[in-house]
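Undergrad: Below is the file query-v3.cif, with mmCIF, C-alpha atoms.
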data_start
loop_
_atom_site.group_PDB
_atom_site.id
_atom_site.type_symbol
_atom_site.label_atom_id
_atom_site.label_comp_id
_atom_site.auth_asym_id
_atom_site.auth_seq_id
_atom_site.Cartn_x
_atom_site.Cartn_y
_atom_site.Cartn_z
ATOM 1 C CA MET A 1 25.592 -9.148 -16.001
ATOM 2 C CA ASN A 2 26.376 -9.703 -12.336
ATOM 3 C CA TRP A 3 26.185 -13.464 -12.097
ATOM 4 C CA GLY A 4 28.500 -16.045 -13.618
ATOM 5 C CA SER A 5 25.970 -18.830 -13.210
ATOM 6 C CA PHE A 6 22.441 -19.509 -12.054
ATOM 7 C CA SER A 7 23.697 -21.027 -8.811
ATOM 8 C CA ALA A 8 25.760 -17.903 -8.124
ATOM 9 C CA PHE A 9 22.563 -15.900 -8.599
ATOM 10 C CA LEU A 10 20.698 -18.095 -6.141
ATOM 11 C CA HIS A 11 23.604 -17.941 -3.697
ATOM 12 C CA MET A 12 23.473 -14.100 -3.553
ATOM 13 C CA GLY A 13 27.053 -13.806 -2.354
ATOM 14 C CA GLY A 14 26.219 -15.758 0.812
ATOM 15 C CA TYR A 15 23.156 -13.664 1.679
ATOM 16 C CA ALA A 16 20.655 -15.934 -0.080
ATOM 17 C CA PHE A 17 18.518 -16.508 3.027
ATOM 18 C CA TYR A 18 18.106 -12.797 3.802
ATOM 19 C CA VAL A 19 17.633 -11.557 0.239
ATOM 20 C CA TRP A 20 15.233 -14.277 -0.900
ATOM 21 C CA SER A 21 13.218 -14.202 2.319
ATOM 22 C CA SER A 22 12.729 -10.454 1.927
ATOM 23 C CA PHE A 23 11.601 -10.579 -1.681
ATOM 24 C CA GLY A 24 9.716 -13.860 -1.373
ATOM 25 C CA LEU A 25 7.665 -12.804 1.651
ATOM 26 C CA SER A 26 6.980 -9.349 0.233
ATOM 27 C CA PHE A 27 5.555 -10.620 -3.031
ATOM 28 C CA LEU A 28 3.724 -13.420 -1.243
ATOM 29 C CA LEU A 29 1.961 -10.811 0.884
ATOM 30 C CA LEU A 30 1.089 -8.672 -2.143
ATOM 31 C CA ALA A 31 -0.335 -11.759 -3.892
ATOM 32 C CA LEU A 32 -2.273 -12.613 -0.740
ATOM 33 C CA GLU A 33 -3.786 -9.129 -0.678
ATOM 34 C CA LEU A 34 -4.977 -9.549 -4.281
ATOM 35 C CA LEU A 35 -6.414 -12.966 -3.440
ATOM 36 C CA LEU A 36 -8.282 -11.681 -0.371
ATOM 37 C CA LEU A 37 -9.614 -8.760 -2.368
ATOM 38 C CA SER A 38 -11.024 -10.944 -5.138
ATOM 39 C CA GLY A 39 -12.519 -13.267 -2.517
ATOM 40 C CA ARG A 40 -14.185 -10.304 -0.815
ATOM 41 C CA ARG A 41 -15.582 -9.181 -4.170
ATOM 42 C CA ARG A 42 -17.033 -12.619 -4.907
ATOM 43 C CA THR A 43 -18.729 -12.943 -1.485
ATOM 44 C CA LEU A 44 -20.102 -9.417 -1.647
ATOM 45 C CA LEU A 45 -21.609 -9.815 -5.128
ATOM 46 C CA LYS A 46 -23.124 -13.147 -4.114
ATOM 47 C CA ARG A 47 -24.658 -11.681 -0.962
ATOM 48 C CA LEU A 48 -26.005 -8.594 -2.723
ATOM 49 C CA GLY A 49 -27.455 -10.806 -5.446
ATOM 50 C CA GLN A 50 -29.240 -12.931 -2.833
ATOM 51 C CA ILE A 51 -30.682 -9.877 -1.114
ATOM 52 C CA GLN A 52 -31.911 -8.574 -4.426
ATOM 53 C CA ARG A 53 -33.590 -11.850 -5.397
ATOM 54 C CA LEU A 54 -35.217 -11.957 -1.968
ATOM 55 C CA ASN A 55 -36.553 -8.436 -2.398
ATOM 56 C CA ALA A 56 -37.767 -9.223 -5.909
ATOM 57 C CA SER A 57 -39.691 -12.318 -4.791
ATOM 58 C CA ARG A 58 -41.270 -10.351 -1.945
ATOM 59 C CA GLY A 59 -42.221 -7.549 -4.287
ATOM 60 C CA SER A 60 -43.944 -9.866 -6.770
ATOM 61 C CA LYS A 61 -46.288 -11.361 -4.180
ATOM 62 C CA MET B 1 -17.426 26.404 -23.225
ATOM 63 C CA SER B 2 -18.931 23.692 -21.168
ATOM 64 C CA LYS B 3 -17.577 23.315 -17.694
ATOM 65 C CA ILE B 4 -16.560 19.899 -16.467
ATOM 66 C CA ASN B 5 -18.483 19.181 -13.335
ATOM 67 C CA LEU B 6 -15.935 17.944 -10.820
ATOM 68 C CA TYR B 7 -18.599 17.292 -8.238
ATOM 69 C CA LYS B 8 -19.966 14.646 -10.528
ATOM 70 C CA PHE B 9 -16.887 12.507 -9.845
ATOM 71 C CA ALA B 10 -17.357 12.920 -6.123
ATOM 72 C CA SER B 11 -20.557 10.922 -6.415
ATOM 73 C CA PRO B 12 -19.948 7.266 -5.524
ATOM 74 C CA ALA B 13 -22.126 6.054 -8.427
ATOM 75 C CA THR B 14 -20.035 7.883 -11.035
ATOM 76 C CA PHE B 15 -16.761 7.079 -9.352
ATOM 77 C CA TYR B 16 -17.609 3.368 -9.250
ATOM 78 C CA GLY B 17 -17.613 3.245 -13.051
ATOM 79 C CA LEU B 18 -14.638 5.559 -13.443
ATOM 80 C CA ALA B 19 -12.534 3.491 -11.013
ATOM 81 C CA GLY B 20 -13.483 0.334 -12.886
ATOM 82 C CA GLN B 21 -12.108 1.805 -16.109
ATOM 83 C CA MET B 22 -8.848 2.913 -14.460
ATOM 84 C CA ILE B 23 -7.960 -0.341 -12.685
ATOM 85 C CA PRO B 24 -6.721 -2.507 -15.639
ATOM 86 C CA GLY B 25 -4.280 0.173 -16.862
ATOM 87 C CA PHE B 26 -2.691 0.642 -13.447
ATOM 88 C CA ALA B 27 -2.575 -3.120 -12.846
ATOM 89 C CA ILE B 28 -0.764 -3.833 -16.131
ATOM 90 C CA LEU B 29 1.599 -0.902 -15.623
ATOM 91 C CA SER B 30 2.402 -2.158 -12.142
ATOM 92 C CA ALA B 31 3.232 -5.681 -13.358
ATOM 93 C CA ILE B 32 5.544 -4.318 -16.068
ATOM 94 C CA LEU B 33 7.264 -1.906 -13.681
ATOM 95 C CA PHE B 34 7.809 -4.617 -11.053
ATOM 96 C CA ALA B 35 9.392 -6.839 -13.723
ATOM 97 C CA VAL B 36 11.669 -4.043 -14.983
ATOM 98 C CA GLY B 37 12.530 -2.893 -11.463
ATOM 99 C CA LEU B 38 13.445 -6.415 -10.311
ATOM 100 C CA TYR B 39 15.507 -6.963 -13.457
ATOM 101 C CA ILE B 40 17.502 -3.780 -12.842
ATOM 102 C CA GLY B 41 17.783 -4.570 -9.136
ATOM 103 C CA PHE B 42 19.201 -8.046 -9.625
ATOM 104 C CA PHE B 43 20.944 -7.987 -13.015
ATOM 105 C CA VAL B 44 21.968 -4.418 -13.821
ATOM 106 C CA ALA B 45 22.751 -2.767 -10.497
ATOM 107 C CA PRO B 46 26.310 -3.603 -9.391
ATOM 108 C CA THR B 47 27.295 -5.327 -6.152
ATOM 109 C CA ASP B 48 27.712 -2.902 -3.263
ATOM 110 C CA ALA B 49 31.304 -2.381 -2.169
ATOM 111 C CA GLN B 50 30.488 -2.478 1.557
ATOM 112 C CA GLN B 51 27.421 -4.671 1.863
ATOM 113 C CA GLY B 52 27.932 -7.191 -0.930
ATOM 114 C CA GLU B 53 24.720 -8.663 -2.329
ATOM 115 C CA ALA B 54 22.732 -8.153 0.891
ATOM 116 C CA TYR B 55 22.133 -4.522 -0.083
ATOM 117 C CA ARG B 56 19.734 -5.709 -2.838
ATOM 118 C CA ILE B 57 17.046 -5.822 -0.163
ATOM 119 C CA ILE B 58 17.000 -2.038 -0.674
ATOM 120 C CA PHE B 59 14.953 -2.509 -3.855
ATOM 121 C CA ILE B 60 11.941 -3.682 -1.880
ATOM 122 C CA HIS B 61 12.697 -2.180 1.546
ATOM 123 C CA VAL B 62 12.984 1.496 0.597
ATOM 124 C CA PRO B 63 10.010 1.601 -1.824
ATOM 125 C CA ALA B 64 7.847 -0.167 0.777
ATOM 126 C CA ALA B 65 8.937 2.253 3.499
ATOM 127 C CA TRP B 66 8.220 5.257 1.267
ATOM 128 C CA MET B 67 4.827 3.866 0.331
ATOM 129 C CA SER B 68 3.873 3.246 3.945
ATOM 130 C CA MET B 69 4.502 6.937 4.698
ATOM 131 C CA PHE B 70 2.971 8.354 1.492
ATOM 132 C CA ILE B 71 -0.155 6.242 1.810
ATOM 133 C CA TYR B 72 -0.595 7.381 5.394
ATOM 134 C CA VAL B 73 -0.458 11.044 4.377
ATOM 135 C CA VAL B 74 -2.846 10.506 1.445
ATOM 136 C CA MET B 75 -5.179 8.552 3.722
ATOM 137 C CA ALA B 76 -5.123 11.325 6.333
ATOM 138 C CA VAL B 77 -5.863 13.963 3.665
ATOM 139 C CA TYR B 78 -8.848 11.964 2.398
ATOM 140 C CA ALA B 79 -10.052 11.367 5.957
ATOM 141 C CA GLY B 80 -9.619 15.063 6.767
ATOM 142 C CA VAL B 81 -11.524 16.166 3.666
ATOM 143 C CA GLY B 82 -14.265 13.692 4.553
ATOM 144 C CA LEU B 83 -14.410 15.088 8.082
ATOM 145 C CA ALA B 84 -14.456 18.738 6.992
ATOM 146 C CA PHE B 85 -16.814 18.569 4.007
ATOM 147 C CA ASN B 86 -18.767 15.431 4.853
ATOM 148 C CA THR B 87 -17.977 13.917 1.450
ATOM 149 C CA ARG B 88 -18.776 10.224 1.587
ATOM 150 C CA LEU B 89 -16.363 9.188 -1.130
ATOM 151 C CA SER B 90 -13.250 10.633 0.545
ATOM 152 C CA ALA B 91 -13.928 8.692 3.730
ATOM 153 C CA MET B 92 -14.334 5.560 1.615
ATOM 154 C CA MET B 93 -11.003 6.247 -0.124
ATOM 155 C CA ALA B 94 -9.277 6.570 3.249
ATOM 156 C CA GLN B 95 -10.745 3.241 4.267
ATOM 157 C CA ALA B 96 -9.665 1.637 0.985
ATOM 158 C CA LEU B 97 -6.057 2.781 1.367
ATOM 159 C CA ALA B 98 -5.482 1.661 4.958
ATOM 160 C CA PRO B 99 -4.937 -2.114 4.461
ATOM 161 C CA THR B 100 -2.416 -1.568 1.661
ATOM 162 C CA GLY B 101 -0.610 1.040 3.763
ATOM 163 C CA ALA B 102 -0.457 -1.389 6.665
ATOM 164 C CA LEU B 103 0.887 -4.060 4.319
ATOM 165 C CA PHE B 104 3.712 -1.816 3.100
ATOM 166 C CA ALA B 105 4.536 -0.737 6.650
ATOM 167 C CA PHE B 106 4.821 -4.407 7.576
ATOM 168 C CA ILE B 107 6.975 -5.195 4.507
ATOM 169 C CA ALA B 108 9.280 -2.292 5.384
ATOM 170 C CA LEU B 109 9.630 -3.639 8.931
ATOM 171 C CA PHE B 110 10.433 -7.249 8.152
ATOM 172 C CA THR B 111 12.658 -6.602 5.119
ATOM 173 C CA GLY B 112 14.499 -4.178 7.406
ATOM 174 C CA SER B 113 14.866 -6.987 9.904
ATOM 175 C CA PHE B 114 16.238 -9.334 7.252
ATOM 176 C CA TRP B 115 18.688 -6.647 6.250
ATOM 177 C CA GLY B 116 19.623 -5.689 9.793
ATOM 178 C CA LYS B 117 20.498 -9.227 10.824
ATOM 179 C CA PRO B 118 23.437 -9.720 8.408
ATOM 180 C CA MET B 119 24.578 -6.074 8.552
ATOM 181 C CA TRP B 120 24.092 -5.054 12.186
ATOM 182 C CA GLY B 121 23.999 -8.527 13.699
ATOM 183 C CA THR B 122 20.499 -8.076 15.112
ATOM 184 C CA TRP B 123 16.920 -8.498 13.870
ATOM 185 C CA TRP B 124 15.626 -5.556 15.839
ATOM 186 C CA VAL B 125 16.773 -2.585 17.919
ATOM 187 C CA TRP B 126 14.597 -0.014 19.638
ATOM 188 C CA ASP B 127 16.084 2.902 17.790
ATOM 189 C CA ALA B 128 14.188 5.968 16.605
ATOM 190 C CA ARG B 129 13.670 4.975 12.962
ATOM 191 C CA LEU B 130 12.564 1.425 13.687
ATOM 192 C CA THR B 131 10.330 2.373 16.597
ATOM 193 C CA SER B 132 8.562 5.203 14.758
ATOM 194 C CA GLN B 133 7.982 2.886 11.774
ATOM 195 C CA LEU B 134 6.500 0.292 14.131
ATOM 196 C CA ILE B 135 4.210 3.010 15.512
ATOM 197 C CA LEU B 136 3.113 3.780 11.933
ATOM 198 C CA PHE B 137 2.149 0.126 11.506
ATOM 199 C CA PHE B 138 0.147 0.244 14.751
ATOM 200 C CA LEU B 139 -1.574 3.458 13.620
ATOM 201 C CA TYR B 140 -2.782 1.668 10.497
ATOM 202 C CA ILE B 141 -3.987 -1.277 12.569
ATOM 203 C CA GLY B 142 -5.701 1.126 14.981
ATOM 204 C CA PHE B 143 -7.423 2.943 12.112
ATOM 205 C CA ILE B 144 -8.629 -0.311 10.550
ATOM 206 C CA SER B 145 -9.869 -1.891 13.777
ATOM 207 C CA LEU B 146 -11.546 1.294 15.014
ATOM 208 C CA GLN B 147 -13.460 1.626 11.748
ATOM 209 C CA ALA B 148 -14.403 -2.037 11.861
ATOM 210 C CA ALA B 149 -15.612 -1.769 15.453
ATOM 211 C CA ILE B 150 -18.178 0.989 14.804
ATOM 212 C CA ASP B 151 -21.232 -0.105 12.825
ATOM 213 C CA ASP B 152 -22.615 3.287 11.824
ATOM 214 C CA PRO B 153 -20.515 4.330 8.797
ATOM 215 C CA ARG B 154 -20.722 8.057 9.539
ATOM 216 C CA ARG B 155 -19.515 7.658 13.094
ATOM 217 C CA SER B 156 -16.809 5.177 12.111
ATOM 218 C CA ASP B 157 -15.586 7.572 9.392
ATOM 219 C CA ARG B 158 -15.334 10.372 11.902
ATOM 220 C CA ALA B 159 -13.519 8.280 14.500
ATOM 221 C CA GLY B 160 -11.133 6.921 11.863
ATOM 222 C CA ALA B 161 -10.438 10.428 10.567
ATOM 223 C CA LEU B 162 -9.387 11.537 14.042
ATOM 224 C CA ILE B 163 -6.847 8.695 14.377
ATOM 225 C CA ALA B 164 -5.564 9.323 10.843
ATOM 226 C CA LEU B 165 -5.122 13.057 11.433
ATOM 227 C CA VAL B 166 -3.504 12.770 14.853
ATOM 228 C CA GLY B 167 -1.162 10.045 13.582
ATOM 229 C CA VAL B 168 0.124 12.178 10.716
ATOM 230 C CA ILE B 169 2.545 13.809 13.152
ATOM 231 C CA ASN B 170 4.417 10.488 13.169
ATOM 232 C CA VAL B 171 5.333 10.687 9.461
ATOM 233 C CA PRO B 172 7.845 13.564 9.675
ATOM 234 C CA ILE B 173 9.177 11.938 12.842
ATOM 235 C CA ILE B 174 9.948 8.753 10.874
ATOM 236 C CA TYR B 175 11.486 10.675 8.017
ATOM 237 C CA PHE B 176 13.749 12.887 10.109
ATOM 238 C CA SER B 177 14.449 10.326 12.841
ATOM 239 C CA VAL B 178 17.791 9.436 11.262
ATOM 240 C CA LYS B 179 18.823 13.093 11.493
ATOM 241 C CA TRP B 180 17.364 14.046 14.850
ATOM 242 C CA TRP B 181 18.592 11.071 16.806
ATOM 243 C CA ASN B 182 21.688 8.983 16.765
ATOM 244 C CA THR B 183 20.410 5.802 15.198
ATOM 245 C CA LEU B 184 21.781 2.551 13.896
ATOM 246 C CA HIS B 185 19.753 3.029 10.715
ATOM 247 C CA GLN B 186 21.606 4.623 7.827
ATOM 248 C CA GLY B 187 20.651 8.102 6.607
ATOM 249 C CA ALA B 188 18.149 8.904 3.861
ATOM 250 C CA SER B 189 18.894 7.040 0.626
ATOM 251 C CA ILE B 190 17.797 9.979 -1.460
ATOM 252 C CA SER B 191 17.942 13.584 -0.421
ATOM 253 C CA LEU B 192 16.417 16.563 -2.177
ATOM 254 C CA THR B 193 19.320 18.811 -1.267
ATOM 255 C CA LYS B 194 22.333 16.832 -2.420
ATOM 256 C CA ALA B 195 23.216 14.632 -5.369
ATOM 257 C CA PRO B 196 22.523 10.925 -4.847
ATOM 258 C CA SER B 197 25.523 9.077 -3.461
ATOM 259 C CA MET B 198 24.639 5.726 -5.004
ATOM 260 C CA ALA B 199 25.210 4.305 -8.467
ATOM 261 C CA HIS B 200 22.734 5.519 -11.079
ATOM 262 C CA THR B 201 21.486 2.014 -11.830
ATOM 263 C CA MET B 202 20.792 1.403 -8.114
ATOM 264 C CA LEU B 203 18.836 4.637 -7.975
ATOM 265 C CA ALA B 204 16.938 3.795 -11.163
ATOM 266 C CA GLY B 205 15.997 0.332 -9.862
ATOM 267 C CA MET B 206 14.772 1.782 -6.595
ATOM 268 C CA LEU B 207 12.701 4.514 -8.257
ATOM 269 C CA ILE B 208 11.119 2.088 -10.729
ATOM 270 C CA MET B 209 10.225 -0.268 -7.881
ATOM 271 C CA ALA B 210 8.715 2.701 -6.040
ATOM 272 C CA ILE B 211 6.549 3.653 -9.049
ATOM 273 C CA ALA B 212 5.560 -0.018 -9.381
ATOM 274 C CA CYS B 213 4.386 0.065 -5.750
ATOM 275 C CA TRP B 214 2.474 3.284 -6.462
ATOM 276 C CA THR B 215 0.606 1.846 -9.440
ATOM 277 C CA TYR B 216 -0.041 -1.361 -7.482
ATOM 278 C CA THR B 217 -1.498 0.686 -4.637
ATOM 279 C CA ILE B 218 -3.700 2.742 -6.970
ATOM 280 C CA ALA B 219 -5.085 -0.397 -8.640
ATOM 281 C CA VAL B 220 -5.722 -2.172 -5.333
ATOM 282 C CA ALA B 221 -7.199 0.865 -3.557
ATOM 283 C CA LEU B 222 -9.549 1.550 -6.472
ATOM 284 C CA SER B 223 -10.695 -2.088 -6.484
ATOM 285 C CA ARG B 224 -11.254 -1.943 -2.751
ATOM 286 C CA VAL B 225 -13.100 1.374 -2.838
ATOM 287 C CA ARG B 226 -15.484 -0.134 -5.408
ATOM 288 C CA LEU B 227 -16.382 -2.867 -2.925
ATOM 289 C CA ILE B 228 -16.832 -0.333 -0.130
ATOM 290 C CA ILE B 229 -19.090 1.752 -2.398
ATOM 291 C CA LEU B 230 -21.210 -1.316 -3.212
ATOM 292 C CA GLU B 231 -21.477 -2.251 0.466
ATOM 293 C CA ARG B 232 -22.484 1.206 1.596
ATOM 294 C CA GLU B 233 -24.780 2.062 -1.306
ATOM 295 C CA ARG B 234 -26.461 -1.340 -1.533
ATOM 296 C CA HIS B 235 -29.907 0.135 -0.843
ATOM 297 C CA SER B 236 -29.705 2.615 -3.709
ATOM 298 C CA THR B 237 -31.328 2.082 -7.090
ATOM 299 C CA TRP B 238 -28.117 2.343 -9.098
ATOM 300 C CA VAL B 239 -26.595 -0.614 -7.227
ATOM 301 C CA SER B 240 -29.648 -2.815 -7.826
ATOM 302 C CA GLU B 241 -29.607 -1.855 -11.507
ATOM 303 C CA LEU B 242 -25.926 -2.699 -11.624
ATOM 304 C CA LEU B 243 -26.538 -6.099 -10.039
ATOM 305 C CA GLU B 244 -29.195 -6.757 -12.671
ATOM 306 C CA ASP B 245 -26.579 -6.103 -15.358
ATOM 307 C CA ILE B 246 -24.017 -8.425 -13.785
ATOM 308 C CA LYS B 247 -26.465 -11.340 -13.722
#
Once more with this new file: its structure as structure tokens, please.

TA:
Amino acid sequence: MNWGSFSAFLHMGGYAFYVWSSFGLSFLLLALELLLLSGRRRTLLKRLGQIQRLNASRGSK
Amino acid sequence: MSKINLYKFASPATFYGLAGQMIPGFAILSAILFAVGLYIGFFVAPTDAQQGEAYRIIFIHVPAAWMSMFIYVVMAVYAGVGLAFNTRLSAMMAQALAPTGALFAFIALFTGSFWGKPMWGTWWVWDARLTSQLILFFLYIGFISLQAAIDDPRRSDRAGALIALVGVINVPIIYFSVKWWNTLHQGASISLTKAPSMAHTMLAGMLIMAIACWTYTIAVALSRVRLIILERERHSTWVSELLEDIK
């Protein structure tokens, strides 16, 4: 184990700002990509569903 | 003996289902590998004698930089195959990989900045490694915006493929930049020709993080290619049947 205490872990030997910014921002961006992707999926399925219903109602007339 | 028909998987309709089955496995694997890699990186790998704890940025910086180069090559191969054989699915794969590649190129750049500041005393220098990596990021952005700007999918695939193929020349330049030019950036962390100079646990953490990034990329690119397939094939019968099932 590298760290004597939790605060020593957070302190990162004085490089806390650089280390935590790097990891924090990286994983934030990855999470953001997943979020955008699921949003894109939802909108697309909704739009395609609408188009299909529209076509179906036209076809039945 | 029955022959497996590989061409079957090149059809977007078949691949849509296949990709859907593959995604959960890669996603779970990626989450586990990220957890293990971060654990090794922060709790097992020892403090670096020269750089103290700041070196731990390596566990995200190097895998992201590798990924940004790998993804570019894979994307260019897909784009090239699409250009040469007019296979729709390969062009879609290239398109699905680009945003994730751009993301990793960006992560490599800013984690490098956050590492450079405490170690070199500067956020940025115009040296060969940093500049060629920045160019890689711009190549991704160029590919994405060019494809987005052209409405006709066939023409946009072709234009994108040209950018992807021409830009591939930049990848070996990035990789060898630390050898060819005198740069501030340190040499390759891992070399194929000599034994690794770092502690085994550091190496293990870095490799596991790299595989985690790989599985993440596969899961995300497959999810994205499914959306691209749906968008492009929306007029076909199999998509309307599929939408019936979802409802």

Undergrad: Sorted by chain and rising residue number, list the residues of chain B at most 6 Å from chain A (counting only C-alpha atoms), each with its closest atom pair and distance in Å to one decimal, as a Markdown table.

TA:
| residue | atom | partner | partner_atom | distance |
| --- | --- | --- | --- | --- |
| B:Phe43 | CA | A:Met1 | CA | 5.6 |
| B:Glu53 | CA | A:Gly13 | CA | 5.6 |
| B:Ala54 | CA | A:Tyr15 | CA | 5.6 |
| B:Ile57 | CA | A:Val19 | CA | 5.8 |
| B:Ile107 | CA | A:Ser26 | CA | 6.0 |
| B:Thr111 | CA | A:Ser22 | CA | 5.0 |
| B:Phe114 | CA | A:Tyr18 | CA | 5.2 |

Undergrad: Provide the atom CA of Ala76 of chain B to atom CA of Ala94 of chain B distance in Å, to one decimal place.

TA: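 Separation of atom CA of Ala76 of chain B and atom CA of Ala94 of chain B: 7.0 Å.
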
Undergrad: In Å, rounded to a single decimal, give me how far atom CA of Ala13 of chain B is from atom CA of Leu165 of chain B.

TA: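 Taking atom CA of Leu165 of chain B and atom CA of Ala13 of chain B, their separation equals 27.1 Å.
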
Undergrad: For a quick check of understanding, using all atoms listed in the file, which of B:Met75, B:Val125, B:Ile211, B:Ile229 has the smallest distance to Ala19 of chain B?

TA: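 Nearest candidate to Ala19 of chain B out of B:Met75, B:Val125, B:Ile211, B:Ile229: B:Ile229.
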
Undergrad: One decimal, in Å: what's the spacing between atom CA of Gly82 of chain B and atom CA of Phe26 of chain B?

TA: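 Going from atom CA of Gly82 of chain B over to atom CA of Phe26 of chain B covers 25.1 Å.
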
Undergrad: Could you state which residues are captured by the PyMOL selection byres ((chain B and resi 133) around 10) in this file, as a ChimeraX atom specification?

TA: /B:65,68-69,105-106,108-109,128-132,134-139,170-171,173-175,177

Undergrad: Could you state which residues are captured by the PyMOL selection byres ((chain B and resi 230-242) around 12) in this file, as a VMD selection string?

TA: (chain A and resid 40 to 41 43 to 53 55 to 56) or (chain B and resid 11 to 17 88 to 89 91 to 92 151 to 154 223 to 229 243 to 247)

Undergrad: Starting from the shown file, work through the PyMOL selection byres ((chain B and resi 78) around 12) and note down what comes out as JSON, numbers by chain.

TA: {"B": [71, 72, 73, 74, 75, 76, 77, 79, 80, 81, 82, 83, 84, 85, 86, 87, 88, 89, 90, 91, 92, 93, 94, 95, 96, 97, 98, 157, 158, 160, 161, 162, 164, 165]}

Undergrad: Which residue gives the smallest distance to Gln21 of chain B among B:Ile208, B:Ala219, B:Pro46, B:Gly112, with only C-alpha atoms counted?

TA: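 Going through B:Ile208, B:Ala219, B:Pro46, B:Gly112 one by one, the smallest distance to Gln21 of chain B is for B:Ala219.
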
Undergrad: Could I get segment 42-53 of chain A rebuilt with N, CA, C and O atoms, written as a PDB file, in the coordinates of the input?

TA:
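The resulting out-v2.pdb:
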ATOM      1  N   ARG A  42     -16.127 -11.511  -4.568  1.00  0.00           N
ATOM      2  CA  ARG A  42     -17.033 -12.619  -4.907  1.00  0.00           C
ATOM      3  C   ARG A  42     -18.138 -12.761  -3.857  1.00  0.00           C
ATOM      4  O   ARG A  42     -19.313 -12.859  -4.177  1.00  0.00           O
ATOM      5  N   THR A  43     -17.728 -12.780  -2.555  1.00  0.00           N
ATOM      6  CA  THR A  43     -18.729 -12.943  -1.485  1.00  0.00           C
ATOM      7  C   THR A  43     -19.730 -11.798  -1.502  1.00  0.00           C
ATOM      8  O   THR A  43     -20.926 -12.021  -1.330  1.00  0.00           O
ATOM      9  N   LEU A  44     -19.212 -10.580  -1.693  1.00  0.00           N
ATOM     10  CA  LEU A  44     -20.102  -9.417  -1.647  1.00  0.00           C
ATOM     11  C   LEU A  44     -21.139  -9.472  -2.764  1.00  0.00           C
ATOM     12  O   LEU A  44     -22.324  -9.277  -2.525  1.00  0.00           O
ATOM     13  N   LEU A  45     -20.682  -9.777  -3.996  1.00  0.00           N
ATOM     14  CA  LEU A  45     -21.609  -9.815  -5.128  1.00  0.00           C
ATOM     15  C   LEU A  45     -22.651 -10.905  -4.929  1.00  0.00           C
ATOM     16  O   LEU A  45     -23.827 -10.733  -5.238  1.00  0.00           O
ATOM     17  N   LYS A  46     -22.205 -12.038  -4.356  1.00  0.00           N
ATOM     18  CA  LYS A  46     -23.124 -13.147  -4.114  1.00  0.00           C
ATOM     19  C   LYS A  46     -24.205 -12.726  -3.109  1.00  0.00           C
ATOM     20  O   LYS A  46     -25.397 -12.933  -3.328  1.00  0.00           O
ATOM     21  N   ARG A  47     -23.728 -12.087  -2.016  1.00  0.00           N
ATOM     22  CA  ARG A  47     -24.658 -11.681  -0.962  1.00  0.00           C
ATOM     23  C   ARG A  47     -25.649 -10.630  -1.474  1.00  0.00           C
ATOM     24  O   ARG A  47     -26.853 -10.721  -1.226  1.00  0.00           O
ATOM     25  N   LEU A  48     -25.127  -9.646  -2.201  1.00  0.00           N
ATOM     26  CA  LEU A  48     -26.005  -8.594  -2.723  1.00  0.00           C
ATOM     27  C   LEU A  48     -27.010  -9.175  -3.709  1.00  0.00           C
ATOM     28  O   LEU A  48     -28.168  -8.769  -3.738  1.00  0.00           O
ATOM     29  N   GLY A  49     -26.557 -10.150  -4.502  1.00  0.00           N
ATOM     30  CA  GLY A  49     -27.455 -10.806  -5.446  1.00  0.00           C
ATOM     31  C   GLY A  49     -28.579 -11.530  -4.721  1.00  0.00           C
ATOM     32  O   GLY A  49     -29.749 -11.459  -5.115  1.00  0.00           O
ATOM     33  N   GLN A  50     -28.234 -12.210  -3.627  1.00  0.00           N
ATOM     34  CA  GLN A  50     -29.240 -12.931  -2.833  1.00  0.00           C
ATOM     35  C   GLN A  50     -30.277 -11.971  -2.262  1.00  0.00           C
ATOM     36  O   GLN A  50     -31.480 -12.220  -2.343  1.00  0.00           O
ATOM     37  N   ILE A  51     -29.769 -10.869  -1.699  1.00  0.00           N
ATOM     38  CA  ILE A  51     -30.682  -9.877  -1.114  1.00  0.00           C
ATOM     39  C   ILE A  51     -31.649  -9.371  -2.172  1.00  0.00           C
ATOM     40  O   ILE A  51     -32.850  -9.243  -1.941  1.00  0.00           O
ATOM     41  N   GLN A  52     -31.080  -9.120  -3.361  1.00  0.00           N
ATOM     42  CA  GLN A  52     -31.911  -8.574  -4.426  1.00  0.00           C
ATOM     43  C   GLN A  52     -32.999  -9.566  -4.866  1.00  0.00           C
ATOM     44  O   GLN A  52     -34.146  -9.187  -5.056  1.00  0.00           O
ATOM     45  N   ARG A  53     -32.603 -10.840  -4.990  1.00  0.00           N
ATOM     46  CA  ARG A  53     -33.590 -11.850  -5.397  1.00  0.00           C
ATOM     47  C   ARG A  53     -34.701 -11.966  -4.357  1.00  0.00           C
ATOM     48  O   ARG A  53     -35.876 -12.107  -4.674  1.00  0.00           O
TER      49      ARG A  53
END
